[in-house]
Protein chains: 2
Amino acid sequence: MLNELKRCGRQTAYFPTAPSIRGIGTVAGKKESNGPLGAYFDVKLTDSLCEKDTWEKAERKMLVDAVDTVLNKTETSENEIDRIIMGDLLNQIISASYAASEVAMPFTGVYGACSTMALALGTAAMLVDSGYCRKTIAATASHFCTAERQYRFPLEMGVQRTPSSQWTTTGAGACLIVPHEPAFPSITYFTNGVVVNFDVSDVNNMGAAMAPAAAETLRAHFEETGRGPDYYDEIITGDLGLYGSRLLEELLEKEFPDFAEKHFDCGCELFKGDKSVKAGASGAGCSALYLSRIFRDMVNGNVKKVLFTATGALHSPTALFQKESIPGIAHAVAIETEA
Amino acid sequence: MLNELKRCGRQTAYFPTAPSIRGIGTVAGKKESNGPLGAYFDVKLTDSLCEKDTWEKAERKMLVDAVDTVLNKTETSENEIDRIIMGDLLNQIISASYAASEVAMPFTGVYGACSTMALALGTAAMLVDSGYCRKTIAATASHFCTAERQYRFPLEMGVQRTPSSQWTTTGAGACLIVPHEPAFPSITYFTNGVVVNFDVSDVNNMGAAMAPAAAETLRAHFEETGRGPDYYDEIITGDLGLYGSRLLEELLEKEFPDFAEKHFDCGCELFKGDKSVKAGASGAGCSALYLSRIFRDMVNGNVKKVLFTATGALHSPTALFQKESIPGIAHAVAIETEA
């Protein structure tokens with residue numbers, strides 16, 4: 001029965017038609033472009049205001065430009081897109097909803113904080129695999145300057161950063177998902193996360209808030225698909241950062257001793273070597289930018305099987321003022337190329 | 001080919017297996033319970049703080065209670081639910097994400113402002129129809145006191161209300177979606193909206209910001225399904241309120257002269273007769289509460305074909321401070337019982 005084939009466990013959906021990631025468009029800030037992954041980004045900003053008068057408008061422009069870039073690169077027209085699934089970190093996901101009014105595509109707004117790219121990718125793949133849509137786009141963005149002032153302090157204060165703090169990525173990414181094309185990486189499974197509240201309330205240690213959620217999602221993925229870490233060439237989490245990554249490896253060490261050797265974290269990779277960012281990168285744009293590295297390596301045949309597990313801290317200043325801890329979530333997308 | 005059967009146009013998905021709404025659980029505030037629809041609600045609050053110390057925690061409790069209510073009414077256990085799709089009006093959708101950590105179900109966070117119930121219902125139905133999930137829950141909530149202070153003014157100010165202003169509903173609703181059961185109303189189509197920005201920037205006239213989006217979604221639904229307003233017993237919009245509803249009827253008058261006679265608006269119905277609410281009700285909880293009326297009338301056989309079109313103003317205080325207008329969106333769900 002069809003239903004049983006596609007439901008591979010409570011959290012995991014299986015995609016028999018394996019929709020493909022036909023392309024990715026990325027827009028990256030200056031600091032991000034100067035990092036070790038700079039060569040993978042399409043648009044490299046020199047002006048982080050993007051010639052706009054506010055950071056919020058700049059973030060939105062980055063998102064629209066990422067969508068335009070993937071459409072241009074894949075020679076796809078706007079009206080071929082049946083659905084754009086987007087979200088971002090700002091209140092009322094304004095980057096996504098205002099961007100949606102500019103790109104004129106049917107819009108599904110999602111919220112998963114920094115896990116948004118995986119949630120959007122998984123949802124986009126479901127819509128194509130099930131046949132409700134022909135082509136879909138999954139996109140997200142974040143901007144250091146909008147996130148810092150919404151979640152932490154006004155930029156003008158120049159607050160000192162703690163060692164466990166992460167640097168919100170200025171970046172946007174948009175993936176075009178289409179029915180299976182053998183030459184491109186394909187999405188085979190999507191494991192939807194549960195919210196895990198581990199009682200972390202340190203706003204400067206998001207990695208600790210997210211690591212338990214990442215562990216839960218990875219456990220569910222391995223159990224429901226019958227795969228172990230050895231199946232994958234790379235297991236990408238992000239943005240856990242330095243301390244969150246260590247914590248995750250410790251959490252999974254006993255059950256999956258081979259996990260750590262396959263594990264990379266977007267938050268650790270994006271600014272690698274840059275000590276000013278402390279524990280690494282964060283933000284919805286972090287894993288989105290990192291996907292461009294994964295995509296190119298898969299198209300070139302250097303990597304064949306990746307588990308992309310974006311993590312999100314469902315952090316809210318209002319909830320913290322009310323003495324709540326920070327819940328975390330992680331969603332995992334299995335991306336594979338043909339052997 | 002399966003794919004062609006399910007994609008009924010760019011915006012509309014068709015559900016060949018017609019997943020059913022097996023039940024609905026609702027929690028309503030005092031004012032809502034005293035209104036004309038009071039008899040349909042399950043839990044009627046007398047204390048709008050729900051014995052919590054903040055309105056935000058109260059809103060979350062309402063959401064959790066709505067979920068528990070539908071599980072109890074349908075004798076379904078928590079771990080039978082493969083996915084809960086939730087969203088709300090608060091920044092970082094904290095009602096939904098914190099509620100998700102309490103109910104322990106795989107969670108998909110969505111954002112569509114007051115259109116959230118239709119977006120969640122449509123997504124929940126897709127997951128069941130396509131076979132990725134067995135049983136899903138679509139839920140949302142809003143609270144007058146949390147919305148008022150986040151979007152407008154501190155409650156303590158006692159600001160006077162303009163005639164076109166709407167009253168945010170204190171209410172939560174949760175629907176259980178299961179594979180087709182002939183005795184219950186079933187979801188047959190879902191039309192995903194586009195974002196329409198009609199250059200309205202009056203925060204006290206949300207109806208005007210949403211009506212053009214509702215018109216677009218209804219047009220797309222009628223065109224892509226080949227149905228007209230005559231097909232439906234009731235076409236529900238919400239929460240357009242008094243002025244938004246009139247505007248919508250004017251916008252559709254020429255193309256669909258029979259639209260107005262089938263049209264009801266959740267925002268106009270919830271507090272009908274109560275002059276203190278000015279142009280009507282609003283909030284994600286508004287259409288969620290109204291669904292309980294639709295559900296009961298459909299189960300009793302009084303109504304057979306309903307087009308549920310929840311509308312959302314993607315309103316953001318930050319965007320308004322930056323001189324932006326308010327974009328709107330609407331999503332439509334066709335709900336039918338067997339003839």
# chains A, B, ... in the order shown; residues from 1 in each chain; ligands from 1

$ closest_atom_pairs --of "chain A" --to "chain B" --cutoff "8 Å" --atoms "only C-alpha atoms" --output "CSV"
residue,atom,partner,partner_atom,distance
A:Leu2,CA,B:Gly131,CA,6.8
A:Asn3,CA,B:Gly131,CA,4.0
A:Glu4,CA,B:Gly131,CA,7.0
A:Leu5,CA,B:Gly131,CA,7.9
A:Lys6,CA,B:Tyr132,CA,5.1
A:Arg7,CA,B:Tyr132,CA,4.5
A:Cys8,CA,B:Tyr132,CA,7.8
A:Arg10,CA,B:Asp82,CA,5.0
A:Gln11,CA,B:Pro106,CA,6.2
A:Thr12,CA,B:Tyr132,CA,7.8
A:Ala13,CA,B:Tyr132,CA,5.2
A:Tyr14,CA,B:Tyr132,CA,7.3
A:Thr54,CA,B:Gln322,CA,7.8
A:Ile81,CA,B:Arg10,CA,7.9
A:Asp82,CA,B:Arg10,CA,5.0
A:Arg83,CA,B:Gln11,CA,7.5
A:Leu89,CA,B:Gln92,CA,7.6
A:Leu90,CA,B:Gln92,CA,7.8
A:Asn91,CA,B:Asn91,CA,4.9
A:Gln92,CA,B:Ser316,CA,6.2
A:Ile93,CA,B:Tyr111,CA,7.6
A:Ile94,CA,B:Ser316,CA,7.1
A:Ser97,CA,B:Leu314,CA,7.0
A:Tyr98,CA,B:Pro327,CA,7.1
A:Ala100,CA,B:Val195,CA,6.1
A:Ser101,CA,B:Val195,CA,4.8
A:Ala104,CA,B:Val194,CA,6.7
A:Met105,CA,B:Val194,CA,6.0
A:Pro106,CA,B:Val194,CA,4.3
A:Phe107,CA,B:Val194,CA,5.5
A:Thr108,CA,B:Asn192,CA,7.4
A:Gly109,CA,B:Tyr111,CA,5.0
A:Val110,CA,B:Val110,CA,4.2
A:Tyr111,CA,B:Gly109,CA,5.0
A:Gly112,CA,B:Gly109,CA,6.2
A:Ala113,CA,B:Gln92,CA,7.7
A:Leu119,CA,B:Thr108,CA,7.7
A:Ser130,CA,B:Ser130,CA,5.8
A:Gly131,CA,B:Asn3,CA,4.0
A:Tyr132,CA,B:Arg7,CA,4.5
A:Cys133,CA,B:Arg7,CA,5.9
A:Arg134,CA,B:Arg7,CA,7.8
A:Asn192,CA,B:Pro106,CA,6.0
A:Gly193,CA,B:Pro106,CA,5.4
A:Val194,CA,B:Pro106,CA,4.3
A:Val195,CA,B:Ser101,CA,4.8
A:Val196,CA,B:Ser101,CA,6.0
A:Asn197,CA,B:Ser101,CA,6.6
A:Leu314,CA,B:Gln92,CA,6.9
A:His315,CA,B:Gln92,CA,7.3
A:Ser316,CA,B:Gln92,CA,6.2
A:Ala319,CA,B:Ile94,CA,7.6
A:Gln322,CA,B:Thr54,CA,7.8
A:Pro327,CA,B:Tyr98,CA,7.1

$ select_by_dssp --residues "stretch 94-335 of chain B" --states "helix (DSSP H, G or I)" --output "ChimeraX atom specification"
/B:94-103,113-129,144-151,155-157,206-225,229-231,241-252,259-262,266-269,275-277,284-299,317-321

$ residues_around --residues "stretch 249-265 of chain B" --least-positions-apart "3" --cutoff "7 Å" --atoms "only C-alpha atoms" --output "PyMOL selection string"
chain B and resi 215+229-230+233-241+245-246+268-269

$ select_by_dssp --residues "stretch 13-143 of chain A" --states "strand (DSSP E or B)" --output "number ranges by chain"
A: 13-14, 20-28, 43-44, 83-88, 107-110, 136-142

$ atom_distance --atom1 "atom CA of B:Ile137" --atom2 "atom CA of B:Val27"
15.5 Å

$ atom_distance --atom1 "atom CA of B:Phe321" --atom2 "atom CA of B:Ala208"
19.2 Å

$ atom_distance --atom1 "atom CA of B:Ala213" --atom2 "atom CA of B:Ser164"
18.2 Å

$ residues_around --residues "stretch 40-47 of chain A" --least-positions-apart "6" --cutoff "8 Å" --atoms "only C-alpha atoms" --output "list in words"
Gly25, Thr26, Val27, Ala28, Gly29, Lys30, Ser33, Thr69, Leu289, Ser292, Arg293 and Arg296 of chain A

$ closest_residue --among "B:Pro212, B:Gly244, B:Gly171, B:Pro154" --to "B:Ala284" --atoms "only C-alpha atoms"
B:Gly171

$ closest_residue --among "B:Gly173, B:Glu216, B:Lys304, B:Ala209" --to "B:Tyr290" --atoms "only C-alpha atoms"
B:Gly173

$ residues_around --residues "B:Ala124" --least-positions-apart "5" --cutoff "7 Å" --atoms "only C-alpha atoms" --output "MDAnalysis selection string"
chainID B and resid 85 136:138 177

$ closest_residue --among "B:Lys52, B:Thr311, B:Val303, B:Pro16" --to "B:Pro185" --atoms "only C-alpha atoms"
B:Val303
